[in-house]
Structures are given as structure tokens and as C-alpha cells.
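Dropping final-v1.txt in here (compact mmCIF, C-alpha atoms):
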```
# COMPACT_ATOMS: atom_id res chain seq x y z
CA MET G 1089 0.00 0.00 0.00
CA LYS G 1090 1.36 3.40 -0.95
CA LYS G 1091 1.55 6.06 1.70
CA ASN G 1092 1.59 9.70 0.61
CA ILE G 1093 2.02 12.25 3.38
CA PHE G 1094 1.81 15.45 1.35
CA ALA G 1095 -0.60 18.29 0.78
CA GLY G 1096 -0.71 21.56 -1.09
CA ALA G 1097 1.17 23.29 -3.89
CA VAL G 1098 4.70 24.67 -3.72
CA LEU G 1099 5.00 28.39 -3.00
CA THR G 1100 8.04 28.90 -5.19
CA ALA G 1101 9.39 26.93 -8.16
CA ALA G 1102 7.98 23.53 -9.06
CA ILE G 1103 10.22 20.49 -9.11
CA THR G 1104 10.46 20.08 -12.84
CA ALA G 1105 14.11 20.60 -13.79
CA PHE G 1106 15.90 17.84 -11.91
CA GLY G 1107 19.08 18.67 -13.82
CA ALA G 1108 19.31 21.91 -11.85
CA PHE G 1109 19.63 20.00 -8.57
CA ALA G 1110 22.87 19.03 -6.86
CA ALA G 1111 22.79 15.92 -4.67
CA PHE G 1112 25.46 15.61 -2.00
CA ALA G 1113 26.90 12.55 -0.31
CA GLY G 1114 28.19 12.62 3.20
CA GLU G 1115 30.36 15.73 3.41
CA ALA G 1116 29.62 19.36 4.25
CA VAL G 1117 28.81 21.43 1.19
CA THR G 1118 28.83 25.22 0.87
CA VAL G 1119 25.98 26.85 -1.01
CA ASP G 1120 27.04 30.21 -2.43
CA THR G 1121 24.62 31.81 -4.89
CA GLN G 1122 23.84 35.45 -5.68
CA GLY G 1123 25.36 36.65 -2.43
CA ILE G 1124 23.61 34.07 -0.23
CA LYS G 1125 26.03 31.70 1.47
CA PHE G 1126 25.43 28.88 3.95
CA GLU G 1127 26.66 25.35 4.62
CA VAL G 1128 24.76 22.09 4.39
CA PRO G 1129 26.29 20.01 7.21
CA ALA G 1130 27.77 16.59 6.49
CA GLU G 1131 25.17 14.66 8.50
CA ILE G 1132 22.34 15.76 6.20
CA SER G 1133 24.10 16.69 2.95
CA ASP G 1134 23.27 13.34 1.36
CA LEU G 1135 19.61 13.68 2.38
CA VAL G 1136 18.83 16.92 0.54
CA THR G 1137 18.93 18.40 -2.92
CA VAL G 1138 19.62 22.09 -3.54
CA GLN G 1139 18.22 24.04 -6.46
CA THR G 1140 19.88 27.31 -7.49
CA GLU G 1141 18.86 27.50 -11.16
CA GLY G 1142 15.55 27.80 -12.97
CA LEU G 1143 13.87 29.54 -10.04
CA GLU G 1144 11.35 32.36 -10.35
CA ASN G 1145 9.84 35.26 -8.43
CA GLY G 1146 13.08 36.29 -6.75
CA THR G 1147 13.85 32.85 -5.30
CA LEU G 1148 17.62 32.39 -4.98
CA VAL G 1149 17.82 28.87 -3.58
CA SER G 1150 15.43 26.07 -2.64
CA VAL G 1151 16.18 22.98 -0.56
CA TYR G 1152 14.25 19.70 -0.77
CA GLU G 1153 14.40 16.36 1.00
CA LYS G 1154 15.71 14.05 -1.71
CA ALA G 1155 13.80 10.91 -0.69
CA SER G 1156 10.45 12.71 -0.84
CA VAL G 1157 11.22 14.01 -4.33
CA GLU G 1158 12.12 10.48 -5.44
CA ALA G 1159 9.07 8.91 -3.77
CA ALA G 1160 6.73 11.41 -5.43
CA LYS G 1161 8.36 10.75 -8.80
CA ALA G 1162 8.05 6.97 -8.31
CA GLN G 1163 4.34 7.27 -7.57
CA GLY G 1164 3.88 9.03 -10.89
CA GLU G 1165 1.54 11.62 -9.41
CA ASN G 1166 1.55 15.37 -9.86
CA GLN G 1167 3.11 16.43 -6.58
CA ASP G 1168 5.07 19.58 -7.32
CA GLY G 1169 6.64 20.68 -4.07
CA ALA G 1170 7.09 17.26 -2.53
CA GLY G 1171 9.92 17.32 0.00
CA TRP G 1172 10.23 21.11 -0.01
CA ILE G 1173 12.05 22.29 3.14
CA PHE G 1174 12.69 26.00 2.53
CA SER G 1175 13.66 28.69 0.04
CA ILE G 1176 15.49 31.99 0.28
CA THR G 1177 13.79 34.74 -1.72
CA ALA G 1178 14.80 38.33 -2.47
CA VAL G 1179 11.87 40.76 -2.56
CA PRO G 1180 11.85 44.57 -2.96
CA GLU G 1181 11.18 46.31 0.34
CA ASN G 1182 8.08 48.10 -0.96
CA GLU G 1183 6.53 44.75 -1.90
CA VAL G 1184 7.34 43.30 1.52
CA ASP G 1185 5.69 46.32 3.17
CA LYS G 1186 2.44 45.47 1.38
CA LEU G 1187 2.79 41.75 2.13
CA ARG G 1188 3.01 42.58 5.83
CA GLY G 1189 -0.54 43.89 5.64
CA GLY G 1190 -1.73 40.29 5.37
CA ALA G 1191 -1.00 36.99 7.07
CA MET G 1192 2.53 36.11 5.96
CA ASP G 1193 2.06 32.40 6.54
CA GLY G 1194 5.21 30.56 5.56
CA MET G 1195 7.18 33.78 4.96
CA GLU G 1196 9.64 35.33 7.40
CA VAL G 1197 11.76 38.42 6.68
CA PHE G 1198 15.20 37.87 8.18
CA ALA G 1199 17.65 40.17 6.35
CA LYS G 1200 17.85 43.38 4.35
CA ASP G 1201 20.35 44.95 1.95
CA ASP G 1202 19.49 48.51 0.87
CA ASP G 1203 15.93 48.23 -0.52
CA ILE G 1204 15.91 44.43 -0.88
CA CYS G 1205 14.51 42.16 1.82
CA TYR G 1206 15.39 38.48 2.12
CA LEU G 1207 12.66 36.04 3.07
CA TYR G 1208 12.91 32.55 4.48
CA THR G 1209 9.90 30.79 2.98
CA HIS G 1210 8.73 27.36 4.10
CA PRO G 1211 5.70 25.08 3.80
CA THR G 1212 2.69 25.46 6.02
CA ASP G 1213 1.57 21.92 5.23
CA VAL G 1214 3.27 18.51 5.18
CA ARG G 1215 5.66 17.77 2.28
CA PHE G 1216 6.97 14.42 3.60
CA VAL G 1217 6.31 11.70 0.97
CA ARG G 1218 6.99 7.97 1.14
CA GLU G 1219 5.61 4.99 -0.77
CA ASN G 1220 4.68 2.93 2.30
CA TYR G 1221 4.10 3.16 6.05
CA ASP G 1222 7.33 1.36 6.95
CA ASP G 1223 9.39 4.01 5.16
CA VAL G 1224 7.41 6.76 6.89
CA GLU G 1225 8.32 5.39 10.31
CA LYS G 1226 11.91 4.59 9.33
CA ASP G 1227 12.67 8.02 7.87
CA GLN G 1228 10.73 10.30 10.22
CA GLN G 1229 13.83 11.02 12.30
CA GLU G 1230 15.82 12.11 9.25
CA TRP G 1231 12.98 14.38 8.12
CA THR G 1232 12.92 15.97 11.57
CA LYS G 1233 16.70 16.44 11.57
CA ILE G 1234 16.60 18.28 8.24
CA ASN G 1235 13.81 20.59 9.35
CA GLU G 1236 15.50 21.39 12.65
CA TRP G 1237 18.67 22.39 10.79
CA ALA G 1238 16.68 24.50 8.34
CA GLY G 1239 14.58 26.26 10.96
CA GLN G 1240 17.24 26.84 13.59
CA GLU G 1241 20.52 27.43 11.75
CA VAL G 1242 20.20 28.53 8.12
CA ARG G 1243 19.16 32.16 8.61
CA GLN G 1244 21.72 32.79 11.32
CA GLU G 1245 24.46 31.31 9.15
CA ILE G 1246 23.45 33.39 6.12
CA LEU G 1247 23.67 36.56 8.21
CA ALA G 1248 27.04 35.50 9.65
CA ASN G 1249 28.47 34.67 6.21
CA ASN G 1250 27.09 37.74 4.46
CA PRO G 1251 28.22 40.82 6.43
CA GLU G 1252 26.62 43.20 3.93
CA LEU G 1253 23.20 41.98 5.07
CA ASP G 1254 21.47 43.67 7.99
CA ASN G 1255 19.38 41.63 10.38
CA GLU G 1256 15.71 42.49 9.81
CA PHE G 1257 12.58 40.93 11.24
CA PHE G 1258 8.91 41.62 11.86
CA THR G 1259 6.37 39.91 14.04
CA ASN G 1260 3.11 38.92 12.35
CA THR G 1261 0.36 39.39 14.91
CA VAL G 1262 -3.03 40.85 14.04
CA LEU G 1263 -1.74 44.18 15.39
CA ASP G 1264 1.31 44.01 13.10
CA MET G 1265 -0.91 43.34 10.10
CA TYR G 1266 -3.22 46.29 10.75
CA LEU G 1267 -0.36 48.70 11.40
CA ALA G 1268 1.29 47.61 8.14
CA LYS G 1269 -2.02 48.02 6.30
CA ALA G 1270 -2.39 51.55 7.61
CA ALA G 1271 1.21 52.41 6.76
CA TYR G 1272 1.60 50.78 3.36
CA VAL G 1273 -1.65 49.55 1.81
CA PRO G 1274 -3.42 52.37 -0.08
CA GLY G 1275 -7.11 52.74 0.63
CA THR G 1276 -6.98 51.35 4.16
CA LYS G 1277 -9.49 53.28 6.28
CA TYR G 1278 -8.74 54.00 9.91
CA GLU G 1279 -9.17 56.74 12.48
CA LEU G 1280 -7.90 57.91 15.85
CA ARG G 1281 -10.11 58.76 18.80
CA SER G 1282 -9.42 60.54 22.07
CA LEU G 1283 -11.66 62.76 24.19
CA ASP G 1284 -8.60 64.97 24.75
CA PHE G 1285 -9.25 66.33 21.25
CA GLY G 1286 -13.04 66.50 21.28
CA PRO G 1287 -15.85 64.07 20.51
CA ASP G 1288 -15.07 63.70 16.80
CA ALA G 1289 -12.66 61.14 15.40
CA LEU G 1290 -9.31 62.31 14.05
CA ASP G 1291 -8.57 61.54 10.40
CA PRO G 1292 -4.88 60.66 9.80
CA SER G 1293 -5.31 61.20 6.06
CA THR G 1294 -5.30 64.96 6.70
CA LEU G 1295 -1.53 64.82 7.34
CA ALA G 1296 0.62 65.47 4.28
CA GLU G 1297 3.20 63.00 5.63
CA ASP G 1298 2.54 60.47 8.34
CA ASP G 1299 5.66 59.01 9.92
CA PHE G 1300 3.85 58.08 13.11
CA ILE G 1301 2.15 54.96 11.72
CA LYS G 1302 5.36 53.86 10.01
CA GLU G 1303 7.26 54.10 13.30
CA LEU G 1304 4.64 51.95 15.00
CA ALA G 1305 4.72 49.43 12.14
CA ASP G 1306 8.48 49.25 11.58
CA ASP G 1307 10.32 49.99 14.83
CA PHE G 1308 8.54 47.64 17.21
CA THR G 1309 7.78 43.96 17.55
CA TYR G 1310 4.53 42.91 19.19
CA GLU G 1311 4.06 40.01 21.57
CA VAL G 1312 0.73 38.57 22.66
CA LEU G 1313 0.33 38.43 26.44
CA PRO G 1314 -2.24 35.64 26.89
CA ASP G 1315 -2.66 35.85 30.66
CA ALA G 1316 -2.07 39.56 31.34
CA GLU G 1317 -4.71 42.07 32.37
CA ALA G 1318 -5.06 45.45 30.74
CA PRO G 1319 -4.20 48.44 32.94
CA ASP G 1320 -6.93 50.73 34.20
CA GLY G 1321 -7.40 54.25 32.97
CA GLU G 1322 -7.73 56.17 29.74
CA TYR G 1323 -6.34 55.27 26.34
CA TYR G 1324 -6.05 56.45 22.75
CA VAL G 1325 -7.94 54.42 20.13
CA LEU G 1326 -6.76 53.43 16.66
CA ALA G 1327 -9.81 51.95 14.91
CA PHE G 1328 -10.33 50.14 11.60
CA ASN G 1329 -13.65 49.38 9.94
CA GLU G 1330 -13.89 46.64 7.34
CA ASP G 1331 -17.23 45.51 5.91
CA GLY G 1332 -19.07 47.16 8.78
CA GLU G 1333 -17.03 45.38 11.46
CA GLU G 1334 -14.77 47.42 13.72
CA ILE G 1335 -11.52 46.30 15.23
CA ARG G 1336 -9.78 48.75 17.51
CA PHE G 1337 -6.47 49.01 19.31
CA ASP G 1338 -6.25 50.84 22.64
CA PHE G 1339 -2.97 52.55 23.59
CA PHE G 1340 -2.96 53.09 27.35
CA LYS G 1341 -1.98 56.44 28.87
CA SER G 1342 -0.94 55.22 32.32
CA GLN G 1343 2.76 55.02 33.13
CA ASP G 1344 2.73 51.24 33.43
CA GLY G 1345 0.74 50.86 30.21
CA GLN G 1346 2.92 52.90 27.85
CA ASN G 1347 3.87 49.95 25.64
CA LEU G 1348 0.75 47.87 26.16
CA ILE G 1349 -1.93 47.71 23.45
CA ARG G 1350 -5.34 46.08 23.71
CA GLU G 1351 -7.07 44.68 20.63
CA VAL G 1352 -10.86 44.68 20.82
CA LYS G 1353 -13.18 43.08 18.28
CA THR G 1354 -16.76 41.84 18.43
CA ILE G 1355 -17.60 38.29 17.42
CA ASP G 1356 -21.24 37.14 17.56
CA GLY G 1357 -22.08 40.07 19.83
CA GLU G 1358 -19.26 39.31 22.29
CA GLU G 1359 -16.20 41.53 22.77
CA ILE G 1360 -12.96 39.57 22.37
CA THR G 1361 -9.80 41.21 23.68
CA THR G 1362 -6.11 40.52 23.18
CA LEU G 1363 -3.30 42.29 24.99
CA TYR G 1364 0.07 43.00 23.36
CA GLN G 1365 3.47 44.06 24.64
CA ALA G 1366 5.39 46.36 22.30
CA ASN G 1367 9.18 46.03 22.24
CA ARG G 1368 11.56 48.28 20.35
CA LYS G 1369 13.61 46.32 17.82
CA ASP G 1370 16.73 48.22 18.78
CA ALA G 1371 17.15 47.33 22.44
CA ASP G 1372 19.62 50.19 22.87
CA ASP G 1373 17.13 52.76 21.58
CA ALA G 1374 15.07 54.05 24.47
CA GLY G 1375 12.98 56.02 22.00
CA GLU G 1376 9.36 56.93 22.47
CA THR G 1377 6.71 54.53 23.68
CA THR G 1378 3.86 53.43 21.46
CA THR G 1379 1.54 55.61 23.57
CA SER G 1380 3.69 58.72 23.21
CA ILE G 1381 3.84 58.18 19.44
CA VAL G 1382 0.03 57.96 19.23
CA GLU G 1383 -0.32 61.02 21.45
CA ALA G 1384 1.99 63.04 19.20
CA TRP G 1385 0.08 61.69 16.20
CA CYS G 1386 -3.22 62.93 17.62
CA LYS G 1387 -1.75 66.35 18.43
CA SER G 1388 -0.38 66.62 14.92
CA ILE G 1389 -3.72 65.86 13.31
CA ALA G 1390 -5.58 68.21 15.65
CA ALA G 1391 -3.11 71.00 14.91
CA GLY G 1392 -3.32 70.39 11.18
CA ALA G 1393 0.44 69.92 10.86
CA GLU G 1394 3.18 67.74 12.29
CA VAL G 1395 4.32 68.76 15.75
CA ASP G 1396 7.98 69.54 16.37
CA GLU G 1397 8.63 67.85 19.70
CA ASP G 1398 12.01 69.59 20.03
```
Could I get this file's structure written as C-alpha cells?
Amino acid sequence: MKKNIFAGAVLTAAITAFGAFAAFAGEAVTVDTQGIKFEVPAEISDLVTVQTEGLENGTLVSVYEKASVEAAKAQGENQDGAGWIFSITAVPENEVDKLRGGAMDGMEVFAKDDDICYLYTHPTDVRFVRENYDDVEKDQQEWTKINEWAGQEVRQEILANNPELDNEFFTNTVLDMYLAKAAYVPGTKYELRSLDFGPDALDPSTLAEDDFIKELADDFTYEVLPDAEAPDGEYYVLAFNEDGEEIRFDFFKSQDGQNLIREVKTIDGEEITTLYQANRKDADDAGETTTSIVEAWCKSIAAGAEVDED
């Protein structure tokens, strides 16, 4: 009985040009292509194939588990993407900014060089293929070993071996997505609210240039705090309305809430809340808090021009 543990279509290039693959046997091999350099360690080099040619959409290199590729081919089924472990893809920064406005499942920005971002892309479904159950059980450990290497070591090694690349990363929470939408996706509708500036909502589109939302989107990472309680007191509101449904983010004014943000949305008539901790990417940059940025943003809109805090 054949056993096929595989689902979905490959996100990058299909496995069609087997001549573009290099198969390794038992010794460490250096991959060096278009400025991306990393090493496939000896203990797994004979288990994987590496593609560096015939790739599309900015993909520089793709790595596959060789046995899954061979098993899929032996079954004679259309299983493009079988055995796919990961790819490294170069994408213009302005395209990545727009991508961040959605769920970047299987895509992680990890490096940047000028206006090019480098993404580590990986499957979000299972690409492990064997022809029978015995082979599944026998080879599961090898499959795990390959994926642990790919997930834990490859990006760090690329950064170490390519000093011209800067470390870059974004979290991908719901808050991240909405901030990126507001900053980079044209047509996104949102507003600010605070009784400090009257009963009417503040419209950020009245600013000629809006660096406030970009600072919130680009300079912080956001961590969900599943068991924390929101602080008491007043807050600024950043609200989005899509298809008649509002989702809002509350930025707390209290001293102990300066980098805490509460997400509030209504599902089936019930308010669902999520609390986030904001952390500056640059740990050495004390900078402003998320609350102080939103406060300055509100003042700027109310004044009709950007406020010079100096």
C-alpha cells in the first residue's frame, strides 16, 4: 500500500528541472549563490537536494528532501513541491511592506540589503512523501533532523556569512498586520479617537506626511500576552472598519501601560480582547513609547500639521 504524506502546492518553483539539482553525499557542502552563502552540514548533505537555477519570483535557492522528491516521482503523481524544506527569496522592500498587511504564513523576513529584503519561505503543510508506512516510520527522524537544521541554523548562518546583510525581522500578529495596512496599503481606512481632542474622530489622512504609523509598524515587535490584564485608565484608540465590522487598538496612557496595546473586536455580539506588549527592535534605543507616538500623532492631526517635539 502506498503512503503519501503530502498536501498543497509549492510556494516557489515547481520540481520540474531535476538537472538543476545538486545531490550531496556525506560531506559538508557550501551553497554560495547570488550573495547568499550557507553550509549544508555533512550529516544531512546526502539527504537533501539544492536548487539554485531555474527559479522564479526572486527565489535564490530552494532545498528539498531528496527521498520525498524520489518517492513522489516513483508514484507518478503530480506532486510539485514534494519534499520542499525551505527557500530563500529576495523581494523589494516596498513589496514586503504590502505583504506585511496580510497573514505572511510561511514567509519570514530575516535580512535586508538597501531596498531588498530576504525572506525565508517554508511550507505550512506537510511535504513528507513515502511509498509505504514502513518508510514513513523509518525516515521520520531524518525528516525531523533536516527541518531542525533548516529552521534553527540557516538564517543565522546566512547573516554570519554575508556581512553586507542587515538583520531584519517583523512579528506577524493581528496588530502588526493592521499597522502595516495603515502604513503601506493604499485605501486602508482608519481613524484615531481621544476625548482629549473633542468628541469627533481624528482623520490621519489629513496629514501630508505620516511618519507616526510607520514608526509603530516598523520599529517595534509585538508580543501577545495571553494571561495579562489590561491596565486601568484612559487610552487612545486606533480603529479600523472593514465591511461594517470594527476592530480597535487601545494605547494606554498610564505610566505602566505605555507599551501595552489592547485589541478589541466583536464576534457574535461578544467583545474579544487581546493584549500585546510592544518592544523596540533596537534594544539600545530608548525612544518613544507606542503611547507617546500615538499622542503626538493625535496632536499633529488636531493641529493640522506635524508637531515639532524639540
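Here the question is which of G:Val1149, G:Ala1178, G:Ala1199, G:Ala1296 gets nearest to Leu1247 (chain G) using all atoms listed in the file, and that residue is G:Ala1199.
Put simply, CA of Met1195 (chain G) is 17.1 Å away from CA of Tyr1310 (chain G).
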For a cut-off of 10 Å around (21.6, 44.2, 9.9), file coordinates, pick out all residues using all atoms listed in the file and list them as a VMD selection string.
chain G and resid 1198 to 1201 1247 1251 to 1257
Env of region 1311-1319 of chain G: 6 Å cut, atoms = only C-alpha atoms, seq-sep filter 5 positions within chain, self excluded. Answer as a VMD selection string.
chain G and resid 1363 to 1365
For Val1128 (chain G), please output as a PyMOL selection string all residues within 10 Å (counting only C-alpha atoms; exclusion window: fewer than 6 positions along the same chain).
chain G and resi 1112+1115-1119+1134+1136+1138+1151+1234+1237-1238+1242
Fewer than 2 positions away in the same chain doesn't count, so skip those; otherwise give me all residues within 10 Å of Glu1303 (chain G), counting all atoms listed in the file, as a PyMOL selection string.
chain G and resi 1267+1271+1298-1301+1305-1308+1376+1378+1381
For the atom pair CA of Ser1342 (chain G) and CA of Glu1383 (chain G), what is the interatomic distance in Å to one decimal place?
12.3 Å
Leu1143 (chain G) proximity check over G:Phe1126, G:Thr1177, G:Phe1216, G:Leu1295, using all atoms listed in the file: winner is G:Thr1177
